[in-house]
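protein29.cif (mmCIF, C-alpha atoms)
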data_query
loop_
_atom_site.label_atom_id
_atom_site.label_comp_id
_atom_site.auth_asym_id
_atom_site.auth_seq_id
_atom_site.Cartn_x
_atom_site.Cartn_y
_atom_site.Cartn_z
CA MET O 1 0.00 0.00 0.00
CA THR O 2 2.67 2.49 1.01
CA ILE O 3 5.10 1.40 -1.68
CA ARG O 4 2.80 2.19 -4.59
CA PRO O 5 3.30 5.97 -4.60
CA LEU O 6 7.03 5.40 -4.35
CA VAL O 7 6.94 3.13 -7.36
CA CYS O 8 4.83 5.71 -9.19
CA ALA O 9 7.30 8.42 -8.35
CA LEU O 10 10.19 6.27 -9.51
CA ALA O 11 8.36 5.40 -12.71
CA LEU O 12 7.69 9.07 -13.31
CA LEU O 13 11.33 9.87 -12.82
CA ILE O 14 12.37 7.15 -15.22
CA ALA O 15 9.79 8.23 -17.80
CA GLY O 16 10.88 11.83 -17.48
CA SER O 17 14.55 11.05 -17.69
CA GLY O 18 14.34 11.08 -21.48
CA ALA O 19 17.25 10.25 -23.57
CA ALA O 20 20.00 8.49 -21.69
CA PRO O 21 21.83 6.00 -23.88
CA VAL O 22 21.04 2.37 -23.40
CA ASN O 23 23.82 -0.14 -23.74
CA GLY O 24 23.18 -3.80 -24.16
CA ALA O 25 23.36 -6.88 -26.21
CA ALA O 26 21.46 -7.12 -29.43
CA GLY O 27 17.82 -7.56 -28.72
CA THR O 28 15.08 -5.24 -27.65
CA ILE O 29 15.43 -1.75 -26.22
CA SER O 30 12.42 0.10 -24.86
CA LYS O 31 12.50 3.80 -24.09
CA SER O 32 10.05 6.50 -23.25
CA THR O 33 10.24 10.25 -23.54
CA ARG O 34 7.76 13.01 -22.84
CA HIS O 35 6.41 12.65 -26.34
CA LEU O 36 6.50 8.98 -27.29
CA ALA O 37 7.56 5.51 -26.34
CA PHE O 38 9.37 3.13 -28.60
CA THR O 39 10.69 -0.38 -28.73
CA ALA O 40 13.65 -1.07 -31.00
CA THR O 41 14.60 -4.60 -31.92
CA LEU O 42 17.75 -5.62 -33.72
CA ALA O 43 18.14 -9.17 -34.98
CA PRO O 44 20.00 -11.45 -35.20
CA ASP O 45 22.33 -10.99 -32.24
CA ILE O 46 25.12 -13.12 -33.68
CA VAL O 47 26.39 -12.14 -37.11
CA THR O 48 29.01 -12.98 -39.66
CA PRO O 49 30.26 -10.80 -42.48
CA GLY O 50 27.46 -10.68 -45.00
CA THR O 51 24.70 -11.06 -42.44
CA LYS O 52 21.75 -8.79 -43.03
CA MET O 53 20.42 -7.44 -39.75
CA SER O 54 16.97 -6.02 -39.39
CA LEU O 55 16.15 -3.13 -37.11
CA ALA O 56 12.49 -2.57 -36.29
CA VAL O 57 11.40 0.42 -34.26
CA ASP O 58 7.84 0.42 -32.97
CA VAL O 59 6.90 3.97 -32.06
CA ARG O 60 3.90 4.92 -29.95
CA PRO O 61 3.21 8.68 -29.91
CA LYS O 62 1.65 9.80 -26.64
CA LYS O 63 -1.98 10.82 -26.59
CA GLY O 64 -2.69 13.96 -28.58
CA LEU O 65 0.80 14.13 -30.08
CA HIS O 66 1.99 13.51 -33.59
CA VAL O 67 5.36 13.28 -35.28
CA TYR O 68 6.03 14.26 -38.87
CA ALA O 69 6.42 11.83 -41.73
CA PRO O 70 8.78 12.41 -44.65
CA GLY O 71 7.36 14.47 -47.47
CA THR O 72 6.66 17.72 -45.63
CA MET O 73 8.87 20.71 -44.90
CA TYR O 74 8.93 19.73 -41.24
CA ARG O 75 11.40 17.51 -39.40
CA PRO O 76 10.36 13.90 -39.98
CA VAL O 77 10.82 11.04 -37.57
CA ALA O 78 13.97 9.19 -38.58
CA ILE O 79 16.49 6.57 -37.59
CA ALA O 80 20.09 7.72 -37.81
CA ILE O 81 22.76 5.02 -37.56
CA GLU O 82 26.25 6.21 -36.70
CA PRO O 83 28.64 5.61 -39.57
CA ASN O 84 30.56 2.37 -39.14
CA PRO O 85 32.85 0.93 -41.82
CA ALA O 86 31.64 -2.54 -40.90
CA LEU O 87 28.02 -1.69 -41.64
CA LYS O 88 26.15 -0.96 -44.83
CA VAL O 89 22.97 0.85 -43.89
CA GLU O 90 19.90 0.80 -46.12
CA ASN O 91 17.15 3.40 -46.21
CA VAL O 92 14.50 3.52 -43.52
CA ILE O 93 11.17 2.08 -44.63
CA TYR O 94 8.20 4.12 -43.48
CA PRO O 95 4.56 3.06 -43.23
CA PRO O 96 1.91 5.20 -44.90
CA PRO O 97 1.30 8.37 -42.88
CA VAL O 98 -1.99 10.12 -42.33
CA SER O 99 -2.92 13.61 -43.43
CA TYR O 100 -3.32 16.05 -40.56
CA LEU O 101 -4.99 19.42 -40.90
CA PHE O 102 -2.99 22.09 -39.12
CA LYS O 103 -5.80 24.54 -38.56
CA PRO O 104 -3.86 27.74 -37.73
CA LEU O 105 -2.27 27.66 -41.20
CA ASN O 106 -5.04 25.63 -42.88
CA GLU O 107 -2.22 23.37 -43.97
CA ARG O 108 -2.28 19.61 -44.45
CA VAL O 109 0.83 17.74 -43.30
CA LEU O 110 1.80 14.09 -43.24
CA VAL O 111 2.13 12.71 -39.73
CA TYR O 112 1.99 9.67 -37.53
CA GLU O 113 -0.31 9.98 -34.57
CA ARG O 114 -0.95 6.30 -33.89
CA PRO O 115 1.57 3.51 -33.27
CA PHE O 116 3.74 2.80 -36.30
CA ARG O 117 6.80 0.80 -37.24
CA LEU O 118 10.00 1.94 -38.93
CA THR O 119 12.30 -0.71 -40.36
CA LEU O 120 15.86 -0.60 -41.51
CA ASP O 121 18.25 -3.22 -42.88
CA LEU O 122 21.94 -3.23 -42.05
CA THR O 123 24.46 -5.55 -43.67
CA VAL O 124 27.67 -6.57 -41.95
CA VAL O 125 30.58 -5.97 -44.30
CA GLY O 126 34.24 -6.75 -43.81
CA THR O 127 37.50 -6.92 -45.73
CA PRO O 128 39.56 -10.13 -45.78
CA ALA O 129 41.99 -8.50 -43.36
CA GLN O 130 39.18 -7.64 -40.98
CA LEU O 131 37.85 -11.18 -41.21
CA ALA O 132 41.27 -12.61 -40.43
CA ALA O 133 41.52 -10.39 -37.36
CA LEU O 134 38.27 -11.62 -35.85
CA THR O 135 38.49 -13.47 -32.58
CA ALA O 136 35.93 -15.27 -30.52
CA GLU O 137 35.51 -12.06 -28.55
CA SER O 138 34.90 -9.82 -31.54
CA ARG O 139 31.83 -7.65 -31.30
CA LEU O 140 30.17 -5.11 -33.49
CA THR O 141 28.64 -2.00 -31.98
CA VAL O 142 25.54 -0.61 -33.63
CA LYS O 143 24.80 2.91 -32.44
CA GLY O 144 21.98 5.08 -33.56
CA GLN O 145 19.31 7.56 -32.67
CA LEU O 146 15.60 7.95 -33.13
CA THR O 147 15.08 11.59 -34.07
CA TYR O 148 11.75 13.33 -34.26
CA GLN O 149 9.77 16.44 -33.62
CA ALA O 150 6.50 16.07 -31.76
CA CYS O 151 3.62 18.51 -31.81
CA ASP O 152 0.15 18.61 -30.34
CA ASP O 153 -2.75 20.88 -31.13
CA GLN O 154 -1.08 23.87 -29.46
CA VAL O 155 2.68 23.57 -29.48
CA CYS O 156 5.64 22.02 -31.18
CA PHE O 157 8.09 20.57 -28.74
CA LEU O 158 11.75 20.97 -29.49
CA PRO O 159 13.17 18.35 -31.83
CA ALA O 160 14.51 15.42 -29.87
CA SER O 161 16.83 12.50 -30.40
CA VAL O 162 16.96 9.33 -28.34
CA PRO O 163 20.15 7.28 -28.60
CA PHE O 164 20.26 3.51 -28.65
CA GLU O 165 23.11 1.05 -28.88
CA TRP O 166 23.64 -2.66 -29.30
CA SER O 167 26.70 -4.84 -29.07
CA VAL O 168 26.45 -7.75 -31.49
CA ARG O 169 28.68 -10.83 -31.37
CA ILE O 170 30.55 -11.59 -34.54
CA ALA O 171 30.98 -15.31 -35.21
CA ARG O 172 34.00 -16.40 -37.23
CA MET Q 1 4.61 11.40 5.34
CA ARG Q 2 7.96 10.53 3.81
CA VAL Q 3 6.22 9.05 0.81
CA ALA Q 4 4.13 12.16 0.38
CA ALA Q 5 7.26 14.26 0.55
CA LEU Q 6 8.92 12.09 -2.07
CA VAL Q 7 5.94 12.27 -4.41
CA LEU Q 8 5.82 16.03 -3.93
CA ALA Q 9 9.53 16.27 -4.65
CA CYS Q 10 9.02 14.15 -7.74
CA ALA Q 11 6.18 16.35 -8.92
CA ILE Q 12 8.26 19.46 -8.37
CA ALA Q 13 11.22 17.94 -10.18
CA LEU Q 14 9.09 17.02 -13.19
CA ALA Q 15 6.95 20.13 -13.33
CA PRO Q 16 7.88 22.76 -15.89
CA ARG Q 17 9.78 25.57 -14.29
CA THR Q 18 7.33 28.43 -14.55
CA ALA Q 19 8.92 30.83 -12.12
CA LEU Q 20 10.44 33.71 -14.01
CA ALA Q 21 13.99 34.75 -13.46
CA GLU Q 22 14.40 38.29 -12.26
CA ASN Q 23 16.51 39.16 -15.27
CA PHE Q 24 16.67 37.58 -18.68
CA ARG Q 25 19.87 35.58 -19.03
CA PRO Q 26 22.39 37.78 -20.86
CA PHE Q 27 23.63 36.65 -24.25
CA THR Q 28 25.92 37.57 -27.07
CA LEU Q 29 24.75 35.94 -30.28
CA LYS Q 30 25.41 36.37 -33.96
CA THR Q 31 23.03 37.84 -36.49
CA LEU Q 32 22.46 36.31 -39.92
CA GLU Q 33 24.97 38.82 -41.23
CA GLY Q 34 27.62 37.62 -38.78
CA ASP Q 35 27.57 40.61 -36.44
CA GLU Q 36 27.37 40.06 -32.70
CA ARG Q 37 24.54 41.38 -30.60
CA SER Q 38 24.32 41.34 -26.82
CA LEU Q 39 21.13 41.51 -24.81
CA THR Q 40 21.75 45.11 -23.86
CA GLN Q 41 22.23 46.05 -27.51
CA VAL Q 42 18.84 44.72 -28.56
CA LEU Q 43 16.73 46.00 -25.69
CA GLY Q 44 13.97 48.37 -26.71
CA ARG Q 45 13.43 51.77 -25.18
CA LYS Q 46 10.44 50.47 -23.21
CA ALA Q 47 10.03 46.76 -23.88
CA THR Q 48 11.44 43.87 -25.89
CA LEU Q 49 9.64 40.81 -27.14
CA VAL Q 50 12.00 37.84 -27.45
CA ALA Q 51 10.74 34.81 -29.34
CA PHE Q 52 12.53 31.47 -29.48
CA PHE Q 53 11.81 29.69 -32.74
CA PHE Q 54 13.08 27.67 -35.66
CA PRO Q 55 11.97 28.07 -39.27
CA THR Q 56 10.17 24.73 -39.65
CA CYS Q 57 8.23 25.13 -36.41
CA GLN Q 58 4.59 25.06 -37.50
CA TYR Q 59 3.26 27.04 -34.58
CA CYS Q 60 5.95 29.68 -35.03
CA ASN Q 61 4.79 30.06 -38.61
CA ALA Q 62 1.23 30.44 -37.40
CA ALA Q 63 2.12 33.00 -34.72
CA PHE Q 64 4.79 35.13 -36.32
CA PRO Q 65 2.76 36.94 -39.01
CA LEU Q 66 0.53 38.21 -36.20
CA VAL Q 67 3.43 38.97 -33.89
CA GLN Q 68 5.09 40.89 -36.72
CA LYS Q 69 1.93 43.03 -37.03
CA ILE Q 70 1.98 43.75 -33.31
CA TYR Q 71 5.62 44.78 -33.60
CA ASP Q 72 4.93 47.00 -36.61
CA ALA Q 73 2.16 48.75 -34.70
CA ASN Q 74 4.28 49.37 -31.61
CA LYS Q 75 7.92 49.70 -32.63
CA ASP Q 76 7.74 53.49 -32.67
CA ARG Q 77 6.49 53.44 -29.08
CA GLY Q 78 9.65 51.77 -27.76
CA LEU Q 79 9.08 48.09 -28.53
CA ALA Q 80 11.95 45.98 -29.85
CA MET Q 81 11.63 42.42 -31.09
CA VAL Q 82 14.26 39.70 -31.31
CA TRP Q 83 13.81 36.17 -32.57
CA ILE Q 84 16.34 33.56 -31.47
CA ASN Q 85 16.74 30.41 -33.54
CA VAL Q 86 17.09 27.33 -31.34
CA ILE Q 87 17.98 24.71 -33.97
CA PRO Q 88 21.43 25.46 -35.37
CA ASP Q 89 21.08 23.12 -38.33
CA GLU Q 90 18.14 25.20 -39.55
CA GLN Q 91 20.18 28.41 -39.74
CA LYS Q 92 20.61 27.96 -43.47
CA LEU Q 93 16.84 28.22 -43.93
CA ILE Q 94 16.37 31.46 -42.06
CA ALA Q 95 17.37 34.11 -44.62
CA GLU Q 96 14.92 32.93 -47.27
CA TRP Q 97 12.26 32.19 -44.66
CA ARG Q 98 12.51 35.71 -43.27
CA THR Q 99 12.45 37.33 -46.70
CA SER Q 100 9.57 35.26 -48.03
CA HIS Q 101 7.42 36.14 -45.03
CA GLY Q 102 8.44 39.78 -44.89
CA TYR Q 103 9.65 39.56 -41.31
CA THR Q 104 11.72 42.44 -40.01
CA ALA Q 105 12.62 41.27 -36.50
CA THR Q 106 16.25 40.96 -35.63
CA VAL Q 107 17.09 37.26 -35.91
CA LEU Q 108 19.85 35.87 -33.71
CA LEU Q 109 21.46 32.47 -34.08
CA GLY Q 110 21.24 30.40 -30.93
CA SER Q 111 23.81 27.78 -30.08
CA ARG Q 112 23.07 24.15 -29.24
CA SER Q 113 22.82 25.03 -25.57
CA VAL Q 114 20.23 27.75 -25.96
CA ALA Q 115 17.28 25.46 -25.17
CA GLU Q 116 18.90 24.40 -21.93
CA ASP Q 117 20.15 27.89 -21.12
CA TYR Q 118 16.62 29.27 -21.25
CA ASP Q 119 14.77 26.16 -20.05
CA LEU Q 120 12.89 25.84 -23.32
CA ARG Q 121 10.70 22.86 -24.06
CA MET Q 122 8.66 24.11 -26.96
CA THR Q 123 8.45 26.72 -29.63
CA PRO Q 124 7.43 29.39 -30.03
CA THR Q 125 8.27 30.66 -26.57
CA HIS Q 126 7.72 34.38 -26.13
CA VAL Q 127 9.37 36.36 -23.36
CA LEU Q 128 8.53 40.01 -22.74
CA LEU Q 129 11.25 42.11 -21.16
CA ASP Q 130 11.22 45.59 -19.74
CA ALA Q 131 13.70 48.28 -20.69
CA LYS Q 132 16.34 46.86 -18.37
CA GLY Q 133 15.95 43.23 -19.43
CA LYS Q 134 13.78 42.11 -16.56
CA VAL Q 135 11.33 39.36 -17.46
CA LEU Q 136 7.77 40.65 -17.38
CA TRP Q 137 5.97 37.66 -18.88
CA LYS Q 138 6.70 34.35 -20.52
CA HIS Q 139 4.45 32.23 -22.71
CA ALA Q 140 5.20 28.88 -24.33
CA GLY Q 141 3.34 27.59 -27.35
CA TYR Q 142 0.76 29.23 -29.56
CA LYS Q 143 -2.90 28.76 -30.23
CA PRO Q 144 -5.09 31.11 -32.24
CA GLY Q 145 -5.97 34.04 -30.03
CA ASP Q 146 -2.72 34.04 -28.06
CA GLU Q 147 -1.64 37.08 -30.07
CA LYS Q 148 -4.28 39.10 -28.19
CA GLU Q 149 -2.64 38.26 -24.88
CA ILE Q 150 0.79 39.06 -26.32
CA ASP Q 151 -0.54 42.43 -27.48
CA ARG Q 152 -2.19 43.08 -24.13
CA ARG Q 153 1.03 42.38 -22.24
CA ILE Q 154 2.97 44.61 -24.61
CA GLN Q 155 0.50 47.46 -24.16
CA GLN Q 156 0.89 47.12 -20.38
CA ALA Q 157 4.66 47.26 -20.69
CA LEU Q 158 4.63 50.22 -23.05
CA SER Q 159 2.23 52.19 -20.88
CA LYS Q 160 4.59 52.10 -17.89
CA GLU Q 161 6.62 55.23 -17.29
#
Turn the structure described in the file into structure tokens.
Amino acid sequence: MTIRPLVCALALLIAGSGAAPVNGAAGTISKSTRHLAFTATLAPDIVTPGTKMSLAVDVRPKKGLHVYAPGTMYRPVAIAIEPNPALKVENVIYPPPVSYLFKPLNERVLVYERPFRLTLDLTVVGTPAQLAALTAESRLTVKGQLTYQACDDQVCFLPASVPFEWSVRIAR
Amino acid sequence: MRVAALVLACAIALAPRTALAENFRPFTLKTLEGDERSLTQVLGRKATLVAFFFPTCQYCNAAFPLVQKIYDANKDRGLAMVWINVIPDEQKLIAEWRTSHGYTATVLLGSRSVAEDYDLRMTPTHVLLDAKGKVLWKHAGYKPGDEKEIDRRIQQALSKE
């Protein structure tokens, strides 16, 4: 009975803490900000050169908020993967957005206001020299960010980016 | 009791900081032309309206034509207006954006820390200053009709001796 408010307070603090990087093995990362929650899944967690990894990010905008889709002048939600010579990164695949009427400007914009999924393929690449240098302990770090700008029916919040990171084992 | 105190502390920690600083945090920022402007250089004779924005902020684009009109109607009475960009990678958009909309406010280029420096969470955020740079009023966001409150606050500031 007495612990519940404490848990609530702790949960609030965690939810409000925003964008601290998350380290961890390949798998699923869940994060929440003031504007949205998302779950990012990278698979598989053991790779070899040539392996195609798939990153899926399930984004859930919070009630009343939307984020922009590509195709407008505004800042679209995006996945940015840090450049890594061992990774070939494909383009993000977006689901169909919805048209939102921005009444103050009588302007229609493309947005996501309901849960949606972004996907991205990454291929592990390596030179013969890099392959020869692999050991049983070799790992590949995949770092990236979910970037977005969220708005509601009164304000646009400042653009935000939420970092994520995986460490993937490389099998010889 | 301890739990209540903790929850209260949590609520305070998470609540937006609405208390206004006595004085607006001083700055020295560059204009689009590359000149530097300090806070004291941009203060109006009676009042200054500072707006934090970035060019692709939808609500800024809804508010600013009306705010520009308010400025035009009051600039000869001692009102100054300064717009501070908060997204550095949108600086390249500002010159054309300003020209195409006919805006005449002084635009200053904020650094990456400007949002933190001024405790900004959303745009536009308007801050009305008196002649000495003291914060008179602060308003975050924009909905149709807010321009009337902005104008009312400006008239109050301009009517003070």
Hey, which of Q:Thr123, Q:Thr48, Q:Thr106, Q:Ser38 ends up closest to Q:Gly78? Count only C-alpha atoms. Q:Thr48
Just want the 8 Å neighbourhood of O:His35, counted on all atoms listed in the file, with same-chain residues fewer than 4 positions away dropped. Output as a VMD selection string. chain O and resid 61 to 62 65 150
Rows by chain and residue number, chain O within 6 Å of chain Q, shortest pair, all atoms listed in the file, as JSON lines:
{"residue": "O:Ala9", "atom": "CA", "partner": "Q:Val7", "partner_atom": "CA", "distance": 5.7}
{"residue": "O:Tyr74", "atom": "CA", "partner": "Q:Thr56", "partner_atom": "CA", "distance": 5.4}
{"residue": "O:Pro104", "atom": "CA", "partner": "Q:Ala62", "partner_atom": "CA", "distance": 5.8}
{"residue": "O:Leu105", "atom": "CA", "partner": "Q:Ala62", "partner_atom": "CA", "distance": 5.9}
{"residue": "O:Gln154", "atom": "CA", "partner": "Q:Lys143", "partner_atom": "CA", "distance": 5.3}
{"residue": "O:Val155", "atom": "CA", "partner": "Q:Gly141", "partner_atom": "CA", "distance": 4.6}
{"residue": "O:Cys156", "atom": "CA", "partner": "Q:Met122", "partner_atom": "CA", "distance": 5.6}
{"residue": "O:Phe157", "atom": "CA", "partner": "Q:Met122", "partner_atom": "CA", "distance": 4.0}
{"residue": "O:Leu158", "atom": "CA", "partner": "Q:Met122", "partner_atom": "CA", "distance": 5.1}
List as a list in words: which residues have an atom within 8 Å of (13.1, 50.8, -21.2), counting only C-alpha atoms?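 Residues satisfying the cut-off, written out: Leu43, Gly44, Arg45, Lys46, Ala47, Gly78, Asp130, Ala131 and Lys132 of chain Q.
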Given the file above and the PyMOL selection byres ((chain O and resi 57) around 6), which residues are selected, and can you give them as a PyMOL selection string? chain O and resi 39-40+56+58+117-118
Given all atoms listed in the file as the counted atoms, nearest of O:Ala69, O:Cys151, O:Ala80, O:Val142 to O:Arg169: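 Nearest candidate to O:Arg169 out of O:Ala69, O:Cys151, O:Ala80, O:Val142: O:Val142.
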Local residues around (20.4, 26.2, -23.8), at most 12 Å away, using all atoms listed in the file, as a list in words: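 With a cut-off of 12 Å, the residues come to Leu158 of chain O; Arg25, Phe27, Phe52, Ile84, Asn85, Val86, Ile87, Pro88, Gly110, Ser111, Arg112, Ser113, Val114, Ala115, Glu116, Asp117, Tyr118, Asp119, Leu120 and Arg121 of chain Q.
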Need to verify the contact set: O:Val168, 6 Å, all atoms listed in the file, exclusion of same-chain residues closer than 2 positions in sequence. Can you return it as a ChimeraX atom specification? /O:26,45-46,139-140
Please produce a file of the residues just selected, as a CSV table (one decimal), in the coordinates of the input, where the atoms kept are C-alpha atoms.
chain,number,residue,atom,x,y,z
O,26,ALA,CA,21.5,-7.1,-29.4
O,45,ASP,CA,22.3,-11.0,-32.2
O,46,ILE,CA,25.1,-13.1,-33.7
O,139,ARG,CA,31.8,-7.6,-31.3
O,140,LEU,CA,30.2,-5.1,-33.5
Between O:Val89, O:Val111, O:Val59, O:Leu36, which has the minimum distance to O:Thr123 (counting all atoms listed in the file)?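 Looking only at the distances to O:Thr123, the closest residue turns out to be O:Val89.
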Leaving out Q:Lys134 and any residue of its chain fewer than 4 positions from it, which residues lie within 9 Å of it when counting all atoms listed in the file, given as JSON, numbers by chain? {"Q": [21, 22, 23, 24, 128, 129, 130]}
Since I can't run it myself right now, could you work out what the PyMOL selection byres ((chain O and resi 88) around 8) selects here and report it as a PDB file with C-alpha atoms, keeping the file's coordinate frame?
ATOM      1  CA  ASN O  84      30.560   2.370 -39.140  1.00  0.00           C
ATOM      2  CA  PRO O  85      32.850   0.930 -41.820  1.00  0.00           C
ATOM      3  CA  ALA O  86      31.640  -2.540 -40.900  1.00  0.00           C
ATOM      4  CA  LEU O  87      28.020  -1.690 -41.640  1.00  0.00           C
ATOM      5  CA  VAL O  89      22.970   0.850 -43.890  1.00  0.00           C
ATOM      6  CA  GLU O  90      19.900   0.800 -46.120  1.00  0.00           C
ATOM      7  CA  LEU O 122      21.940  -3.230 -42.050  1.00  0.00           C
ATOM      8  CA  THR O 123      24.460  -5.550 -43.670  1.00  0.00           C
ATOM      9  CA  VAL O 124      27.670  -6.570 -41.950  1.00  0.00           C
ATOM     10  CA  VAL O 125      30.580  -5.970 -44.300  1.00  0.00           C
TER      11      VAL O 125
END
